[in-house]
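Coordinates as given in protein-v6.cif (mmCIF, C-alpha atoms and all ligand atoms):
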```
data_target
loop_
_atom_site.label_atom_id
_atom_site.label_comp_id
_atom_site.auth_asym_id
_atom_site.auth_seq_id
_atom_site.Cartn_x
_atom_site.Cartn_y
_atom_site.Cartn_z
CA MET J 113 95.34 85.01 81.01
CA ASP J 114 92.59 85.63 83.53
CA VAL J 115 90.49 88.77 83.03
CA LEU J 116 89.77 90.75 79.86
CA SER J 117 88.01 94.13 79.78
CA ILE J 118 87.02 96.83 77.32
CA GLY J 119 86.43 100.53 77.94
CA GLU J 120 87.61 104.11 77.90
CA THR J 121 90.47 105.43 79.99
CA MET J 122 91.04 109.17 80.22
CA ILE J 123 93.23 111.74 81.85
CA VAL J 124 91.47 113.43 84.75
CA PHE J 125 92.51 116.94 85.79
CA SER J 126 91.71 118.03 89.34
CA PRO J 127 92.10 121.62 90.59
CA ASN J 128 94.53 121.71 93.48
CA GLU J 129 92.19 123.81 95.60
CA VAL J 130 88.58 123.52 96.71
CA GLY J 131 86.10 125.88 95.04
CA PRO J 132 84.43 126.60 91.69
CA MET J 133 86.79 125.62 88.91
CA ARG J 134 86.55 129.00 87.18
CA TYR J 135 88.96 130.27 89.84
CA ALA J 136 91.36 127.32 89.65
CA ARG J 137 94.84 127.97 88.35
CA ASP J 138 96.73 124.77 89.16
CA PHE J 139 95.63 121.27 88.30
CA THR J 140 96.97 117.79 89.03
CA SER J 141 96.46 115.06 86.44
CA HIS J 142 95.90 111.33 86.87
CA ILE J 143 94.90 108.31 84.77
CA ALA J 144 91.24 107.24 85.24
CA GLY J 145 88.83 104.76 83.72
CA ALA J 146 86.61 102.33 85.59
CA GLU J 147 87.76 99.25 83.67
CA THR J 148 91.50 99.91 83.84
CA ASN J 149 91.11 100.89 87.51
CA THR J 150 89.87 97.37 88.16
CA LEU J 151 92.43 95.71 85.89
CA ILE J 152 95.28 97.56 87.63
CA GLY J 153 93.87 96.43 90.98
CA LEU J 154 93.75 92.84 89.71
CA GLN J 155 97.35 93.00 88.46
CA LYS J 156 98.45 94.22 91.91
CA LEU J 157 96.79 91.15 93.36
CA GLY J 158 98.58 88.78 90.99
CA ILE J 159 95.80 88.29 88.42
CA SER J 160 96.76 88.58 84.74
CA THR J 161 94.65 90.92 82.61
CA GLY J 162 94.16 92.38 79.15
CA TRP J 163 92.46 95.57 77.97
CA ILE J 164 90.76 96.36 74.67
CA SER J 165 90.39 100.04 73.83
CA GLN J 166 91.11 102.89 71.48
CA LEU J 167 93.16 105.97 72.41
CA GLY J 168 94.06 109.07 70.45
CA ASN J 169 97.54 108.95 68.92
CA ASP J 170 98.39 112.01 71.00
CA GLU J 171 100.47 112.80 74.08
CA LEU J 172 97.69 111.90 76.53
CA GLY J 173 96.99 108.64 74.72
CA GLN J 174 100.70 107.75 74.85
CA ARG J 175 100.75 108.52 78.56
CA ILE J 176 97.77 106.26 79.26
CA LEU J 177 99.18 103.45 77.12
CA SER J 178 102.57 103.50 78.89
CA PHE J 179 100.95 103.71 82.31
CA VAL J 180 98.56 100.81 81.73
CA ARG J 181 101.28 98.72 80.08
CA GLY J 182 103.60 99.59 82.95
CA GLU J 183 101.10 98.13 85.41
CA GLY J 184 101.46 94.81 83.58
CA ILE J 185 98.16 94.79 81.65
CA ASN J 186 98.31 93.26 78.18
CA VAL J 187 97.62 96.03 75.63
CA ASP J 188 97.98 94.08 72.36
CA PHE J 189 94.48 95.18 71.36
CA VAL J 190 94.64 98.83 72.39
CA LYS J 191 94.65 100.86 69.19
CA LEU J 192 96.06 104.37 68.78
CA THR J 193 94.10 106.37 66.22
CA ASP J 194 94.91 109.61 64.38
CA ASP J 195 91.20 110.25 63.79
CA ALA J 196 90.15 111.31 67.31
CA ASN J 197 91.52 112.61 70.60
CA THR J 198 91.98 110.85 73.91
CA GLY J 199 89.08 111.72 76.25
CA ILE J 200 89.59 113.87 79.33
CA PHE J 201 87.51 114.91 82.31
CA ILE J 202 87.77 117.31 85.21
CA LYS J 203 87.01 116.42 88.81
CA GLU J 204 86.08 119.67 90.55
CA LYS J 205 85.95 119.83 94.33
CA PHE J 206 83.19 122.44 94.28
CA ARG J 207 82.85 122.45 98.08
CA SER J 208 84.92 120.39 100.50
CA ASN J 209 82.19 117.72 100.62
CA GLN J 210 80.91 118.09 97.04
CA THR J 211 82.65 116.79 93.91
CA ARG J 212 81.44 117.56 90.37
CA VAL J 213 82.62 115.68 87.29
CA HIS J 214 82.82 117.44 83.89
CA TYR J 215 83.40 115.18 80.88
CA TYR J 216 85.17 116.26 77.67
CA ARG J 217 84.92 112.89 75.94
CA SER J 218 82.24 113.24 73.30
CA GLY J 219 83.68 111.97 69.98
CA SER J 220 86.77 110.65 71.79
CA ALA J 221 88.91 107.86 70.35
CA ALA J 222 87.29 105.27 72.64
CA SER J 223 83.81 106.40 71.67
CA GLN J 224 84.73 105.42 68.09
CA MET J 225 85.71 101.82 68.89
CA ASN J 226 84.29 99.30 66.44
CA GLU J 227 83.97 95.54 66.10
CA ASN J 228 87.28 95.23 64.21
CA LEU J 229 88.98 95.59 67.60
CA ILE J 230 87.57 92.25 68.73
CA ASN J 231 89.83 89.33 67.84
CA LYS J 232 88.41 85.89 68.69
CA ASP J 233 91.82 84.25 69.18
CA TYR J 234 92.77 86.95 71.66
CA VAL J 235 89.48 86.72 73.57
CA SER J 236 89.82 82.93 73.78
CA GLN J 237 93.00 83.34 75.86
CA PHE J 238 90.95 84.65 78.84
CA LYS J 239 88.72 82.99 81.44
CA PHE J 240 86.69 86.05 82.54
CA LEU J 241 85.26 89.12 80.82
CA TYR J 242 84.79 92.19 83.02
CA LEU J 243 82.36 94.82 81.71
CA THR J 244 80.91 98.03 83.07
CA GLY J 245 77.86 100.09 82.13
CA ILE J 246 80.09 103.01 81.11
CA THR J 247 81.27 101.48 77.81
CA PRO J 248 77.76 101.19 76.26
CA ALA J 249 76.98 104.74 77.49
CA ILE J 250 79.73 106.57 75.62
CA SER J 251 78.43 106.03 72.04
CA SER J 252 76.42 103.63 69.93
CA SER J 253 79.52 102.16 68.24
CA SER J 254 81.15 101.60 71.60
CA LYS J 255 77.96 99.92 72.81
CA ASP J 256 77.83 97.68 69.71
CA THR J 257 81.52 96.79 70.14
CA MET J 258 80.99 95.82 73.77
CA LEU J 259 77.87 93.77 72.97
CA HIS J 260 79.78 91.98 70.20
CA LEU J 261 82.60 91.19 72.64
CA LEU J 262 80.03 89.92 75.15
CA LYS J 263 78.54 87.58 72.53
CA VAL J 264 81.94 86.27 71.39
CA SER J 265 83.05 85.77 75.01
CA LYS J 266 79.94 83.79 75.86
CA GLN J 267 80.43 81.60 72.78
CA LEU J 268 83.99 80.95 73.93
CA GLY J 269 82.88 80.07 77.46
CA LEU J 270 84.26 83.06 79.40
CA LYS J 271 82.51 83.90 82.66
CA ILE J 272 80.95 87.38 82.50
CA ILE J 273 81.30 89.87 85.37
CA PHE J 274 79.39 93.15 85.25
CA ASP J 275 79.43 96.38 87.24
CA PRO J 276 76.46 98.52 86.05
CA ASN J 277 78.43 101.73 86.89
CA LEU J 278 75.49 104.00 86.05
CA ARG J 279 76.61 107.36 84.58
CA LEU J 280 73.49 109.38 83.81
CA LYS J 281 75.58 112.27 82.48
CA LEU J 282 76.40 110.05 79.51
CA TRP J 283 72.98 108.75 78.37
CA ASP J 284 69.26 109.10 78.95
CA GLU J 285 67.47 107.14 81.64
CA ASP J 286 65.26 104.98 79.42
CA GLU J 287 68.13 103.84 77.22
CA ALA J 288 70.35 103.25 80.25
CA LYS J 289 67.73 101.11 82.00
CA ALA J 290 66.85 99.02 78.94
CA THR J 291 70.51 98.45 78.00
CA LEU J 292 71.75 97.64 81.49
CA LEU J 293 68.90 95.18 82.08
CA SER J 294 69.55 93.43 78.78
CA ILE J 295 73.26 93.08 79.68
CA ILE J 296 72.49 91.84 83.20
CA LYS J 297 70.52 88.93 81.70
CA GLU J 298 73.74 87.72 80.05
CA CYS J 299 76.01 87.92 83.11
CA ASP J 300 77.21 85.42 85.70
CA ILE J 301 78.47 87.80 88.39
CA ILE J 302 76.99 91.25 89.01
CA LEU J 303 78.41 93.95 91.27
CA PRO J 304 75.83 96.77 91.53
CA GLY J 305 75.82 99.70 93.91
CA ILE J 306 72.64 100.14 95.96
CA SER J 307 71.64 103.26 93.96
CA GLU J 308 71.95 101.27 90.71
CA GLY J 309 69.58 98.65 92.13
CA GLU J 310 67.17 101.44 92.99
CA PHE J 311 67.44 102.88 89.48
CA LEU J 312 66.96 99.52 87.74
CA PHE J 313 64.22 97.96 89.88
CA GLY J 314 62.82 100.75 92.08
CA LEU J 315 63.92 98.72 95.12
CA SER J 316 66.00 100.00 98.03
CA ASP J 317 66.46 96.68 99.85
CA GLU J 318 69.77 95.10 98.84
CA ARG J 319 68.40 91.59 99.44
CA LYS J 320 65.55 92.17 96.99
CA ILE J 321 67.89 93.77 94.44
CA ALA J 322 70.20 90.74 94.58
CA GLN J 323 67.24 88.36 94.30
CA LYS J 324 65.96 90.22 91.20
CA MET J 325 69.35 89.77 89.51
CA ILE J 326 69.51 86.11 90.51
CA ASP J 327 66.02 85.69 88.99
CA LEU J 328 67.38 87.22 85.77
CA GLY J 329 70.01 84.46 85.62
CA ALA J 330 73.04 85.61 87.64
CA GLU J 331 75.01 83.07 89.66
CA THR J 332 76.42 85.60 92.17
CA VAL J 333 75.37 89.15 93.05
CA VAL J 334 77.22 91.48 95.42
CA VAL J 335 75.46 94.75 96.25
CA LYS J 336 77.90 97.47 97.38
CA LEU J 337 76.69 99.51 100.35
CA GLY J 338 79.48 102.11 100.67
CA GLU J 339 80.89 102.41 104.19
CA GLN J 340 78.45 99.71 105.32
CA GLY J 341 80.30 97.12 103.23
CA ALA J 342 78.41 94.81 100.90
CA TYR J 343 75.62 92.22 100.76
CA TYR J 344 76.19 89.00 98.80
CA HIS J 345 73.93 86.32 97.37
CA SER J 346 75.54 83.34 95.69
CA GLY J 347 73.65 80.05 95.35
CA ASP J 348 72.27 79.37 98.81
CA GLN J 349 74.78 81.64 100.56
CA THR J 350 73.79 85.15 101.61
CA GLY J 351 75.32 87.61 104.06
CA TYR J 352 76.92 90.96 104.82
CA GLU J 353 80.64 91.82 104.97
CA LYS J 354 82.51 94.99 105.94
CA ALA J 355 86.07 96.26 105.52
CA SER J 356 88.50 95.21 108.31
CA GLN J 357 88.85 98.77 109.54
CA GLU J 358 87.49 102.28 109.06
CA VAL J 359 89.68 104.50 106.91
CA GLU J 360 90.22 108.22 106.48
CA VAL J 361 88.69 109.06 103.11
CA VAL J 362 90.84 111.35 100.96
CA ASP J 363 89.20 110.69 97.56
CA PRO J 364 86.15 108.37 97.30
CA VAL J 365 86.24 107.98 93.49
CA GLY J 366 87.37 104.52 92.39
CA ALA J 367 86.23 102.68 95.51
CA GLY J 368 83.79 100.53 93.52
CA ASP J 369 86.49 99.60 91.01
CA GLY J 370 88.82 98.67 93.87
CA PHE J 371 86.04 96.57 95.38
CA ALA J 372 85.64 94.75 92.06
CA ALA J 373 89.40 94.05 91.92
CA GLY J 374 89.54 92.65 95.45
CA PHE J 375 86.41 90.55 95.00
CA ILE J 376 87.28 89.17 91.56
CA ALA J 377 90.83 88.28 92.66
CA GLY J 378 89.41 86.38 95.65
CA TYR J 379 86.84 84.66 93.45
CA ILE J 380 89.50 83.56 90.94
CA GLU J 381 91.66 82.25 93.77
CA GLN J 382 88.66 80.23 94.93
CA MET J 383 88.26 81.93 98.29
CA SER J 384 84.82 81.48 99.88
CA ILE J 385 82.34 84.10 98.61
CA GLN J 386 82.36 85.66 102.08
CA ASP J 387 86.16 86.06 102.08
CA ALA J 388 86.19 87.36 98.51
CA VAL J 389 83.56 89.99 99.42
CA HIS J 390 85.60 90.90 102.49
CA GLN J 391 88.71 91.33 100.34
CA GLY J 392 86.67 93.53 97.98
CA CYS J 393 85.58 95.74 100.91
CA ASP J 394 89.19 96.10 102.10
CA ALA J 395 90.50 96.95 98.63
CA GLY J 396 87.69 99.48 98.04
CA ALA J 397 88.33 101.15 101.40
CA LEU J 398 92.08 101.43 100.76
CA VAL J 399 91.54 103.10 97.36
CA THR J 400 89.79 106.01 99.10
CA THR J 401 92.79 106.75 101.34
CA VAL J 402 94.95 108.07 98.47
CA LYS J 403 94.20 110.80 95.87
CA GLY J 404 93.48 109.35 92.41
CA ASP J 405 91.51 106.30 91.26
CA VAL J 406 94.36 103.77 91.16
CA GLU J 407 97.18 105.04 93.35
CA GLY J 408 95.64 103.53 96.51
CA LEU J 409 94.94 100.07 95.06
CA PRO J 410 96.53 97.54 97.43
CA THR J 411 98.95 94.72 96.79
CA LYS J 412 98.36 91.26 98.26
CA GLU J 413 100.86 91.97 100.98
CA GLU J 414 99.11 95.19 102.00
CA LEU J 415 95.80 93.37 102.27
CA GLU J 416 97.37 90.65 104.38
CA ASN J 417 98.97 93.24 106.70
CA LEU J 418 95.84 95.30 107.03
CA ASN J 419 95.18 94.23 110.56
CA SER J 420 98.54 95.48 111.83
CA LYS J 421 97.16 99.04 111.78
CA ASN J 422 99.31 102.20 111.58
CA LYS J 423 102.43 100.19 110.92
CA THR J 424 105.55 102.38 110.61
CA ASP J 425 108.80 101.08 109.16
CA ASP J 426 111.77 101.05 111.54
CA VAL J 427 114.03 104.00 110.78
O1 LIG J 501 84.81 104.57 88.77
C1 LIG J 501 85.65 105.67 88.58
C2 LIG J 501 85.37 106.18 87.21
O2 LIG J 501 84.11 106.79 87.19
C3 LIG J 501 86.33 107.20 86.73
O3 LIG J 501 87.62 106.68 86.69
C4 LIG J 501 85.99 107.77 85.40
O4 LIG J 501 85.62 105.85 84.08
C5 LIG J 501 85.25 106.91 84.46
C6 LIG J 501 83.96 107.38 83.99
O5 LIG J 501 83.68 107.11 82.85
O6 LIG J 501 83.22 108.01 84.74
#
```
What is this structure when it is put down as structure tokens?
Amino acid sequence: MDVLSIGETMIVFSPNEVGPMRYARDFTSHIAGAETNTLIGLQKLGISTGWISQLGNDELGQRILSFVRGEGINVDFVKLTDDANTGIFIKEKFRSNQTRVHYYRSGSAASQMNENLINKDYVSQFKFLYLTGITPAISSSSKDTMLHLLKVSKQLGLKIIFDPNLRLKLWDEDEAKATLLSIIKECDIILPGISEGEFLFGLSDERKIAQKMIDLGAETVVVKLGEQGAYYHSGDQTGYEKASQEVEVVDPVGAGDGFAAGFIAGYIEQMSIQDAVHQGCDAGALVTTVKGDVEGLPTKEELENLNSKNKTDDV
């Protein structure tokens, strides 16, 4: 198999109307979790994946497990526990241009993951480990479990890919900075957002942020610049790439995870770094055109057809 990841996936509830949530009556629910968002995107692009996690043995946990399994991700090491609930969060569209996230995940099943979930034989079946900075933020046992998996994966020769995915609602700034920097030193490929570079190094120039991470030992760094695309630095290659076309944004959440899926799939298929970054930009842009984190993730065919804009099937 190609890419393994570990992390928490939740059910997200979104009020159907804009405005403070205290007035909301109707909600829509979706599956959301940065790591499974990326794994689902990879599966859609023909890359095989596996996910390590813990869910509550409850209705929401069963829904997440069937959904993730249904997308083709290997879930042999996803445990259902009776001791804790599946985490949830609410995505409130407070104003039409302002989204607020409210987490109800403290003490969740995933936050109680421990090292017993990590099976060396299973890990050895993969070539890449994909991690995000959310997993170490949710609890100390989850952090220890992820760091143990990182160590085992390095011993087994997996390539490590990391998206810092800073979530300051989940941990304090000093701990976040120290932990993320210590993880970055162990990684081969790093996919930060520009604001994460600012947080970690106090730098706002994407070229300097990438150079800092290269100096810390990374082989490839791609700094995501939102609608402006991304800047990459890999060996002696540097440059900027943008999505093939501008899109109408319906829901921006999940764009970074879609970018990771497009880029990693291109990297695994040995595209040039420039083409892989371009594919990441296209995948990230497409995610934002559909409500939900994963529903807009493109297939290979959709990415290939992207240039034939506004295509309508013959009816
Ligand atoms: O990247 C999107 C994620 O932020 C979202 O799916 C929820 O994983 C999530 C988190 O922990 O914030």
From J:Thr244, J:Ser294, J:Ser126, J:Ser346, residue lying nearest ligand LIG 501 (chain J) [only C-alpha atoms and all ligand atoms]: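 Going through J:Thr244, J:Ser294, J:Ser126, J:Ser346 one by one, the smallest distance to ligand LIG 501 (chain J) is for J:Thr244.
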Could you pull out the residues sitting within 10 Å of ligand LIG 501 (chain J), using all atoms listed in the file, and write them as a ChimeraX atom specification? /J:119-124,142-150,199-203,213-215,217,244-247,249-250,275,277-282,364-370,404-406
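What separates CA of Lys239 in chain J from CA of Ser253 in chain J is a distance of 25.0 Å.
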Would you compute the distance between CA of Pro410 in chain J and CA of Ile295 in chain J? Give it in Å to one decimal.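 Between CA of Pro410 in chain J and CA of Ile295 in chain J the gap works out to 29.6 Å.
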Which residues are close to Ala342 in chain J, i.e. within 7 Å by all atoms listed in the file, leaving aside same-chain residues fewer than 3 positions away? Reply as a VMD selection string. chain J and resid 334 to 337 352 to 354
C-alpha atoms of the current selection, written as a JSON list (two decimals), in the coordinates of the input:
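The file below, result.json, is the result:
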```json
[["chain", "number", "residue", "atom", "x", "y", "z"],
["J", 334, "VAL", "CA", 77.22, 91.48, 95.42],
["J", 335, "VAL", "CA", 75.46, 94.75, 96.25],
["J", 336, "LYS", "CA", 77.90, 97.47, 97.38],
["J", 337, "LEU", "CA", 76.69, 99.51, 100.35],
["J", 352, "TYR", "CA", 76.92, 90.96, 104.82],
["J", 353, "GLU", "CA", 80.64, 91.82, 104.97],
["J", 354, "LYS", "CA", 82.51, 94.99, 105.94]]
```
Exercise: Leu259 in chain J partners within 10 Å, all atoms listed in the file, chain neighbours under 4 positions left out, as an MDAnalysis selection string: chainID J and resid 227 243 247:248 253:255 263:265 295
For Ile118 in chain J, work out the shell of residues within 6 Å, counting all atoms listed in the file and skipping chain neighbours fewer than 4 positions away, then give it as a ChimeraX atom specification. /J:163-165
Just give me the gap between CA of Leu270 in chain J and CA of Gly396 in chain J in Å, one decimal is fine.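 If I compute the distance from CA of Leu270 in chain J to CA of Gly396 in chain J, I get 25.1 Å.
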Which of J:Leu418, J:Leu154, J:Ala330, J:Ile301 sits closest to Gly184 in chain J [using all atoms listed in the file]: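 Closest residue, counting all atoms listed in the file: J:Leu154.
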Just the residues within 12 Å of Asp188 in chain J, please, counting only C-alpha atoms, with nothing from its chain fewer than 6 positions along; format it as a count of residues only. 15
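Protein, DNA and RNA residues at most 10 Å from (86.4, 81.9, 79.7), with only C-alpha atoms, are these: Met113, Asp114, Val115, Leu116, Val235, Ser236, Gln237, Phe238, Lys239, Phe240, Leu241, Ser265, Lys266, Gln267, Leu268, Gly269, Leu270, Lys271 and Ile272 of chain J.
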Looking at J:Leu303, J:Leu262, J:Ile380, J:Val362, which one is nearest to Ser208 in chain J, with distances taken over only C-alpha atoms?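 For Ser208 in chain J, the nearest of the candidates is J:Val362.
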Grab range 300-325 of chain J from that structure and dump N, CA and C atoms to a file, as a compact mmCIF listing (two decimals), in the first residue's frame.
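Writing done, so here's part38.txt:
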```
# COMPACT_ATOMS: atom_id res chain seq x y z
N ASP J 300 10.33 14.46 5.58
CA ASP J 300 10.94 14.60 4.25
C ASP J 300 10.23 15.65 3.42
N ILE J 301 8.89 15.65 3.51
CA ILE J 301 8.09 16.56 2.67
C ILE J 301 7.18 17.35 3.61
N ILE J 302 7.18 18.68 3.47
CA ILE J 302 6.36 19.49 4.38
C ILE J 302 5.46 20.42 3.56
N LEU J 303 4.20 20.49 3.98
CA LEU J 303 3.20 21.24 3.22
C LEU J 303 2.55 22.30 4.12
N PRO J 304 3.29 23.35 4.49
CA PRO J 304 2.70 24.36 5.38
C PRO J 304 1.83 25.36 4.64
N GLY J 305 0.93 26.01 5.37
CA GLY J 305 0.27 27.20 4.85
C GLY J 305 1.15 28.38 5.20
N ILE J 306 0.94 29.51 4.53
CA ILE J 306 1.79 30.68 4.80
C ILE J 306 1.65 31.15 6.25
N SER J 307 0.42 31.07 6.81
CA SER J 307 0.24 31.55 8.20
C SER J 307 0.95 30.62 9.19
N GLU J 308 1.10 29.35 8.83
CA GLU J 308 1.84 28.43 9.71
C GLU J 308 3.33 28.75 9.70
N GLY J 309 3.83 29.14 8.52
CA GLY J 309 5.23 29.58 8.43
C GLY J 309 5.45 30.81 9.28
N GLU J 310 4.48 31.72 9.24
CA GLU J 310 4.59 32.95 10.04
C GLU J 310 4.62 32.59 11.53
N PHE J 311 3.72 31.69 11.92
CA PHE J 311 3.63 31.29 13.33
C PHE J 311 4.93 30.62 13.79
N LEU J 312 5.48 29.74 12.95
CA LEU J 312 6.64 28.95 13.38
C LEU J 312 7.94 29.75 13.35
N PHE J 313 8.10 30.62 12.35
CA PHE J 313 9.40 31.28 12.17
C PHE J 313 9.33 32.80 12.22
N GLY J 314 8.13 33.37 12.33
CA GLY J 314 7.99 34.82 12.31
C GLY J 314 8.36 35.39 10.94
N LEU J 315 8.22 34.60 9.89
CA LEU J 315 8.56 35.05 8.54
C LEU J 315 7.31 35.07 7.67
N SER J 316 7.19 36.10 6.80
CA SER J 316 6.00 36.11 5.95
C SER J 316 6.35 35.88 4.48
N ASP J 317 7.63 35.64 4.20
CA ASP J 317 8.07 35.39 2.82
C ASP J 317 8.14 33.87 2.62
N GLU J 318 7.31 33.38 1.70
CA GLU J 318 7.23 31.92 1.49
C GLU J 318 8.58 31.29 1.12
N ARG J 319 9.42 32.08 0.43
CA ARG J 319 10.73 31.52 0.02
C ARG J 319 11.60 31.29 1.25
N LYS J 320 11.52 32.24 2.20
CA LYS J 320 12.34 32.10 3.43
C LYS J 320 11.78 30.98 4.32
N ILE J 321 10.44 30.87 4.34
CA ILE J 321 9.83 29.79 5.15
C ILE J 321 10.29 28.43 4.61
N ALA J 322 10.24 28.28 3.29
CA ALA J 322 10.64 27.00 2.69
C ALA J 322 12.12 26.73 2.98
N GLN J 323 12.94 27.77 2.85
CA GLN J 323 14.38 27.59 3.09
C GLN J 323 14.64 27.15 4.54
N LYS J 324 13.90 27.75 5.49
CA LYS J 324 14.06 27.36 6.91
C LYS J 324 13.79 25.87 7.08
N MET J 325 12.72 25.38 6.41
CA MET J 325 12.36 23.97 6.58
C MET J 325 13.37 23.06 5.88
```
